[in-house]
file entry_35.cif (mmCIF, C-alpha atoms)
data_model
#
loop_
_atom_site.label_atom_id
_atom_site.label_comp_id
_atom_site.auth_asym_id
_atom_site.auth_seq_id
_atom_site.Cartn_x
_atom_site.Cartn_y
_atom_site.Cartn_z
CA MET A 1 94.44 -105.00 9.15
CA ILE A 2 94.73 -103.84 5.57
CA THR A 3 92.50 -104.97 2.71
CA VAL A 4 93.40 -104.08 -0.87
CA HIS A 5 90.88 -104.76 -3.63
CA TRP A 6 93.33 -105.33 -6.44
CA GLU A 7 90.68 -105.96 -9.08
CA ALA A 8 89.01 -102.63 -8.29
CA ALA A 9 92.45 -101.00 -8.58
CA GLY A 10 92.83 -102.40 -12.10
CA VAL A 11 95.18 -105.29 -11.28
CA ALA A 12 94.54 -108.55 -13.14
CA LEU A 13 94.24 -111.76 -11.13
CA ALA A 14 97.49 -113.03 -12.67
CA ASP A 15 99.31 -109.92 -11.36
CA MET A 16 97.78 -109.86 -7.86
CA ALA A 17 100.65 -111.77 -6.19
CA ARG A 18 103.27 -109.41 -7.62
CA ALA A 19 101.20 -106.36 -6.57
CA THR A 20 100.83 -107.70 -3.02
CA GLY A 21 104.56 -108.36 -2.85
CA ARG A 22 105.38 -104.82 -3.94
CA PHE A 23 102.89 -103.37 -1.45
CA LEU A 24 104.40 -105.39 1.43
CA ASP A 25 107.90 -104.42 0.33
CA MET A 26 106.98 -100.72 0.44
CA LEU A 27 105.27 -101.18 3.80
CA SER A 28 108.25 -103.00 5.32
CA LYS A 29 110.79 -100.51 3.99
CA THR A 30 108.78 -97.53 5.23
CA ILE A 31 108.45 -99.04 8.69
CA ALA A 32 112.18 -99.87 8.80
CA ARG A 33 113.11 -96.36 7.66
CA HIS A 34 110.89 -94.52 10.15
CA SER A 35 110.77 -96.78 13.18
CA GLN A 36 112.61 -96.72 16.46
CA MET A 37 113.19 -100.47 16.28
CA ARG A 38 116.58 -101.80 17.33
CA PRO A 39 118.92 -103.13 14.62
CA GLY A 40 117.73 -106.51 13.39
CA GLU A 41 114.10 -105.86 14.35
CA CYS A 42 111.52 -105.56 11.63
CA THR A 43 107.80 -105.69 11.14
CA ALA A 44 105.87 -108.94 10.82
CA TRP A 45 102.96 -109.57 8.46
CA LEU A 46 100.75 -112.20 6.90
CA TRP A 47 98.49 -112.02 3.87
CA MET A 48 95.72 -114.01 2.20
CA HIS A 49 94.43 -113.65 -1.38
CA GLU A 50 90.77 -114.18 -2.13
CA ASN A 51 88.62 -113.95 -5.22
CA GLY A 52 85.05 -114.60 -6.15
CA PRO A 53 81.89 -113.38 -7.81
CA GLY A 54 80.81 -110.01 -6.48
CA LYS A 55 84.05 -109.40 -4.58
CA GLY A 56 86.84 -109.83 -7.13
CA GLY A 57 90.51 -110.37 -6.45
CA HIS A 58 91.62 -108.87 -3.16
CA CYS A 59 94.12 -109.32 -0.36
CA HIS A 60 93.74 -109.20 3.42
CA MET A 61 96.89 -108.38 5.39
CA LEU A 62 97.66 -108.34 9.07
CA ALA A 63 100.80 -106.31 9.75
CA HIS A 64 102.51 -105.01 12.84
CA VAL A 65 102.79 -101.26 12.44
CA PRO A 66 104.24 -99.36 15.42
CA PRO A 67 101.50 -96.94 16.60
CA GLN A 68 103.62 -93.83 15.97
CA LEU A 69 103.98 -94.86 12.30
CA VAL A 70 100.28 -95.41 11.55
CA PRO A 71 99.76 -91.84 10.24
CA ILE A 72 102.79 -92.17 7.93
CA ILE A 73 101.67 -95.56 6.59
CA ALA A 74 98.05 -94.40 6.14
CA LYS A 75 99.22 -91.37 4.18
CA ARG A 76 101.50 -93.36 1.86
CA GLN A 77 99.23 -96.30 0.98
CA ARG A 78 97.43 -94.48 -1.83
CA ARG A 79 100.76 -93.40 -3.33
CA TRP A 80 101.99 -97.01 -3.19
CA LEU A 81 98.86 -98.16 -5.01
CA ARG A 82 99.35 -95.56 -7.75
CA SER A 83 102.97 -96.69 -8.10
CA ILE A 84 102.00 -100.38 -8.28
CA THR A 85 98.99 -100.07 -10.59
CA GLY A 86 99.86 -97.00 -12.66
CA ASN A 87 96.26 -95.89 -12.08
CA PRO A 88 94.82 -93.05 -10.00
CA TYR A 89 93.45 -94.14 -6.63
CA ARG A 90 89.78 -95.16 -6.62
CA LYS A 91 87.51 -95.03 -3.59
CA ARG A 92 87.22 -98.18 -1.49
CA VAL A 93 90.27 -99.87 -3.05
CA ILE A 94 92.10 -99.92 0.26
CA ARG A 95 90.88 -100.18 3.82
CA SER A 96 93.14 -99.99 6.86
CA ASP A 97 91.91 -100.42 10.39
CA PRO A 98 93.71 -100.95 13.69
CA ILE A 99 92.86 -104.27 15.33
CA GLY A 100 89.99 -103.57 17.70
CA GLY A 101 89.04 -100.37 15.89
CA TRP A 102 91.34 -97.89 17.63
CA LEU A 103 95.04 -97.32 18.23
CA GLY A 104 96.33 -98.05 21.69
CA MET A 105 93.80 -100.75 22.48
CA GLU A 106 96.65 -103.24 22.94
CA THR A 107 97.95 -101.28 25.94
CA ILE A 108 94.70 -99.92 27.38
CA ASN A 109 92.67 -103.12 26.99
CA PRO A 110 95.01 -106.06 26.25
CA ALA A 111 92.31 -108.69 26.76
CA GLY A 112 89.95 -106.95 24.34
CA HIS A 113 92.76 -106.51 21.83
CA GLU A 114 93.61 -110.21 22.06
CA VAL A 115 90.00 -111.16 21.28
CA ASN A 116 89.88 -108.74 18.34
CA LEU A 117 93.22 -109.99 17.04
CA ALA A 118 91.98 -113.60 17.20
CA ASN A 119 88.85 -112.58 15.27
CA ALA A 120 90.91 -110.76 12.62
CA LEU A 121 93.20 -113.77 12.24
CA ALA A 122 90.20 -116.11 11.95
CA TYR A 123 88.72 -113.84 9.28
CA VAL A 124 91.94 -113.77 7.26
CA CYS A 125 92.21 -117.57 7.55
CA LYS A 126 88.57 -118.28 6.72
CA SER A 127 89.40 -120.35 3.64
CA ALA A 128 92.14 -122.38 5.36
CA PRO A 129 91.71 -126.17 5.59
CA GLN A 130 89.91 -127.35 8.71
CA ALA A 131 92.95 -129.32 9.90
CA ILE A 132 95.01 -126.13 10.02
CA LEU A 133 92.29 -124.26 11.88
CA ASP A 134 91.95 -127.12 14.36
CA SER A 135 95.70 -127.28 14.99
CA HIS A 136 95.62 -123.62 16.02
CA GLY A 137 92.37 -123.78 18.00
CA MET A 138 90.56 -121.49 15.58
CA GLN A 139 86.81 -121.49 15.05
CA ARG A 140 85.48 -122.44 11.63
CA ARG A 141 84.53 -119.43 9.51
CA HIS A 142 84.81 -121.25 6.22
CA GLU A 143 84.16 -119.29 3.10
CA PRO A 144 85.52 -120.32 -0.27
CA GLY A 145 88.53 -118.24 -1.24
CA GLY A 146 87.78 -118.48 -4.95
CA PRO A 147 90.26 -119.17 -7.75
CA ILE A 148 93.72 -117.66 -7.27
CA ILE A 149 96.74 -117.60 -9.58
CA GLY A 150 99.92 -118.19 -7.59
CA LYS A 151 100.18 -118.34 -3.82
CA ARG A 152 97.03 -117.94 -1.72
CA CYS A 153 98.81 -116.81 1.44
CA GLY A 154 102.16 -115.93 2.92
CA ILE A 155 103.99 -114.61 5.97
CA SER A 156 107.10 -112.56 6.57
CA GLN A 157 110.29 -114.58 7.00
CA ASN A 158 110.82 -113.34 10.55
CA ILE A 159 107.75 -115.32 11.70
CA GLY A 160 108.10 -118.19 9.21
CA PRO A 161 108.97 -121.83 10.00
CA LYS A 162 112.73 -121.29 9.90
CA ALA A 163 112.55 -118.33 12.29
CA ARG A 164 110.24 -120.23 14.67
CA LYS A 165 112.64 -123.21 14.78
CA ALA A 166 115.58 -120.92 15.55
CA LYS A 167 113.89 -119.40 18.63
CA PRO A 168 114.60 -121.17 21.93
#
call {"tool": "encode", "arguments": {"input": "entry_35.cif", "output": "structure tokens"}}
result
Amino acid sequence: MITVHWEAAGVALADMARATGRFLDMLSKTIARHSQMRPGECTAWLWMHENGPGKGGHCHMLAHVPPQLVPIIAKRQRRWLRSITGNPYRKRVIRSDPIGGWLGMETINPAGHEVNLANALAYVCKSAPQAILDSHGMQRRHEPGGPIIGKRCGISQNIGPKARKAKP
């Protein structure tokens, strides 16, 4: 799970969607370049923009990062932010944490990882309409997402509606 506080990085609310898109593009390209995935495989991600008094414009992302690439991604995130914003990195602008708090949890404790993943997804979707949450069996964690310019959320194409329909 990655959280980027775009406002704290100096990105205006109107530019937050473009900044998130550039960040995800850099993330996806880095994973594709360094991964051992087979041809045609790629990472999957989802994101949600939020804004509000006291927290400012920010983005929560859930992304699949192969465990062996976590050190590479963690090292490059600050450079990506400097490239996107044109500003030096500021403390607490970005936070990246493996689901469950530690790498490898998905293989050592799959049940615990599944619970933590469900909690992370519920957190990211906390401002989703109740009907959507109900259709996915998610508990209500409603919090207003605040005013956003542009899209509030998105997913990678490889897990989008068209890709889901194409799978048997």
call {"tool": "resolve_selection", "arguments": {"input": "entry_35.cif", "expression": "the PyMOL selection byres ((chain A and resi 22) around 12)", "output": "PyMOL selection string"}}
result
chain A and resi 15-21+23-29+77+80-85
call {"tool": "atom_distance", "arguments": {"input": "entry_35.cif", "atom1": "atom CA of A:Lys167", "atom2": "atom CA of A:Ile108"}}
result
28.7 Å
call {"tool": "resolve_selection", "arguments": {"input": "entry_35.cif", "expression": "the PyMOL selection byres ((chain A and resi 1) around 9)", "output": "short mmCIF file (atom, residue, chain, number, x, y, z; two decimals) with C-alpha atoms, in the coordinates of the input"}}
result
data_model
loop_
_atom_site.label_atom_id
_atom_site.label_comp_id
_atom_site.auth_asym_id
_atom_site.auth_seq_id
_atom_site.Cartn_x
_atom_site.Cartn_y
_atom_site.Cartn_z
CA ILE A 2 94.73 -103.84 5.57
CA THR A 3 92.50 -104.97 2.71
CA HIS A 60 93.74 -109.20 3.42
CA MET A 61 96.89 -108.38 5.39
CA LEU A 62 97.66 -108.34 9.07
CA ALA A 63 100.80 -106.31 9.75
CA HIS A 64 102.51 -105.01 12.84
CA ARG A 95 90.88 -100.18 3.82
CA SER A 96 93.14 -99.99 6.86
CA ASP A 97 91.91 -100.42 10.39
CA PRO A 98 93.71 -100.95 13.69
CA ILE A 99 92.86 -104.27 15.33
CA ALA A 120 90.91 -110.76 12.62
#
call {"tool": "resolve_selection", "arguments": {"input": "entry_35.cif", "expression": "the PyMOL selection byres ((chain A and resi 152-163) around 7)", "output": "list of chain:residue names"}}
result
A:Ala44, A:Trp45, A:Leu46, A:Trp47, A:Met48, A:His49, A:Ile148, A:Gly150, A:Lys151, A:Arg164, A:Lys165, A:Ala166, A:Lys167
call {"tool": "residues_around", "arguments": {"input": "entry_35.cif", "residues": "stretch 88-93 of chain A", "least_positions_apart": "4", "cutoff": "7 Å", "atoms": "only C-alpha atoms", "output": "PyMOL selection string"}}
result
chain A and resi 4-5+8-9+78+81-82
call {"tool": "atom_distance", "arguments": {"input": "entry_35.cif", "atom1": "atom CA of A:Pro66", "atom2": "atom CA of A:Ser35"}}
result
7.4 Å
call {"tool": "atom_distance", "arguments": {"input": "entry_35.cif", "atom1": "atom CA of A:Gly145", "atom2": "atom CA of A:Ile132"}}
result
15.2 Å
call {"tool": "closest_residue", "arguments": {"input": "entry_35.cif", "among": "A:Pro129, A:Gly86, A:Gly57, A:Pro110", "to": "A:Ile149", "atoms": "all atoms listed in the file"}}
result
A:Gly57
call {"tool": "closest_residue", "arguments": {"input": "entry_35.cif", "among": "A:Leu103, A:Cys125, A:Asn87, A:Gly56", "to": "A:Pro71", "atoms": "all atoms listed in the file"}}
result
A:Leu103
call {"tool": "closest_residue", "arguments": {"input": "entry_35.cif", "among": "A:Pro67, A:Glu7, A:Gln139, A:Ala128", "to": "A:Met105", "atoms": "all atoms listed in the file"}}
result
A:Pro67
call {"tool": "axis_aligned_box", "arguments": {"input": "entry_35.cif", "around": "stretch 55-64 of chain A", "padding_each_side": "6 Å", "output": "JSON"}}
result
{"center_x": 93.3, "center_y": -107.7, "center_z": 2.9, "size_x": 30.5, "size_y": 17.4, "size_z": 32.0}
call {"tool": "residues_around", "arguments": {"input": "entry_35.cif", "residues": "A:Ala118", "least_positions_apart": "5", "cutoff": "12 Å", "atoms": "only C-alpha atoms", "output": "VMD selection string"}}
result
chain A and resid 62 99 to 100 111 to 113 123 to 126 133 136 to 139
call {"tool": "write_last_selection", "arguments": {"input": "entry_35.cif", "atoms": "C-alpha atoms", "output": "PDB file, keeping the file's coordinate frame"}}
result
ATOM      1  CA  LEU A  62      97.660-108.340   9.070  1.00  0.00           C
ATOM      2  CA  ILE A  99      92.860-104.270  15.330  1.00  0.00           C
ATOM      3  CA  GLY A 100      89.990-103.570  17.700  1.00  0.00           C
ATOM      4  CA  ALA A 111      92.310-108.690  26.760  1.00  0.00           C
ATOM      5  CA  GLY A 112      89.950-106.950  24.340  1.00  0.00           C
ATOM      6  CA  HIS A 113      92.760-106.510  21.830  1.00  0.00           C
ATOM      7  CA  TYR A 123      88.720-113.840   9.280  1.00  0.00           C
ATOM      8  CA  VAL A 124      91.940-113.770   7.260  1.00  0.00           C
ATOM      9  CA  CYS A 125      92.210-117.570   7.550  1.00  0.00           C
ATOM     10  CA  LYS A 126      88.570-118.280   6.720  1.00  0.00           C
ATOM     11  CA  LEU A 133      92.290-124.260  11.880  1.00  0.00           C
ATOM     12  CA  HIS A 136      95.620-123.620  16.020  1.00  0.00           C
ATOM     13  CA  GLY A 137      92.370-123.780  18.000  1.00  0.00           C
ATOM     14  CA  MET A 138      90.560-121.490  15.580  1.00  0.00           C
ATOM     15  CA  GLN A 139      86.810-121.490  15.050  1.00  0.00           C
TER      16      GLN A 139
END
call {"tool": "decode", "arguments": {"input": "entry_35.cif", "residues": "stretch 96-120 of chain A", "atoms": "C-alpha atoms", "output": "JSON list (two decimals), in the first residue's frame"}}
result
[["chain", "number", "residue", "atom", "x", "y", "z"],
["A", 96, "SER", "CA", 4.83, 2.54, 1.50],
["A", 97, "ASP", "CA", 4.01, -0.52, 3.54],
["A", 98, "PRO", "CA", 3.62, -4.18, 2.63],
["A", 99, "ILE", "CA", 0.12, -5.51, 3.28],
["A", 100, "GLY", "CA", 0.20, -7.01, 6.76],
["A", 101, "GLY", "CA", 3.28, -5.02, 7.75],
["A", 102, "TRP", "CA", 6.02, -7.33, 6.47],
["A", 103, "LEU", "CA", 7.18, -8.92, 3.24],
["A", 104, "GLY", "CA", 6.50, -12.60, 2.81],
["A", 105, "MET", "CA", 3.37, -12.66, 4.94],
["A", 106, "GLU", "CA", 1.39, -13.87, 1.92],
["A", 107, "THR", "CA", 3.38, -17.13, 1.84],
["A", 108, "ILE", "CA", 4.09, -17.63, 5.55],
["A", 109, "ASN", "CA", 0.62, -16.68, 6.80],
["A", 110, "PRO", "CA", -1.84, -16.59, 3.86],
["A", 111, "ALA", "CA", -4.92, -16.34, 6.08],
["A", 112, "GLY", "CA", -3.48, -13.37, 7.98],
["A", 113, "HIS", "CA", -2.44, -11.73, 4.72],
["A", 114, "GLU", "CA", -5.95, -12.17, 3.32],
["A", 115, "VAL", "CA", -7.46, -10.42, 6.36],
["A", 116, "ASN", "CA", -4.94, -7.57, 6.11],
["A", 117, "LEU", "CA", -5.53, -7.23, 2.38],
["A", 118, "ALA", "CA", -9.31, -7.03, 2.95],
["A", 119, "ASN", "CA", -8.73, -4.32, 5.57],
["A", 120, "ALA", "CA", -6.45, -2.34, 3.24]]
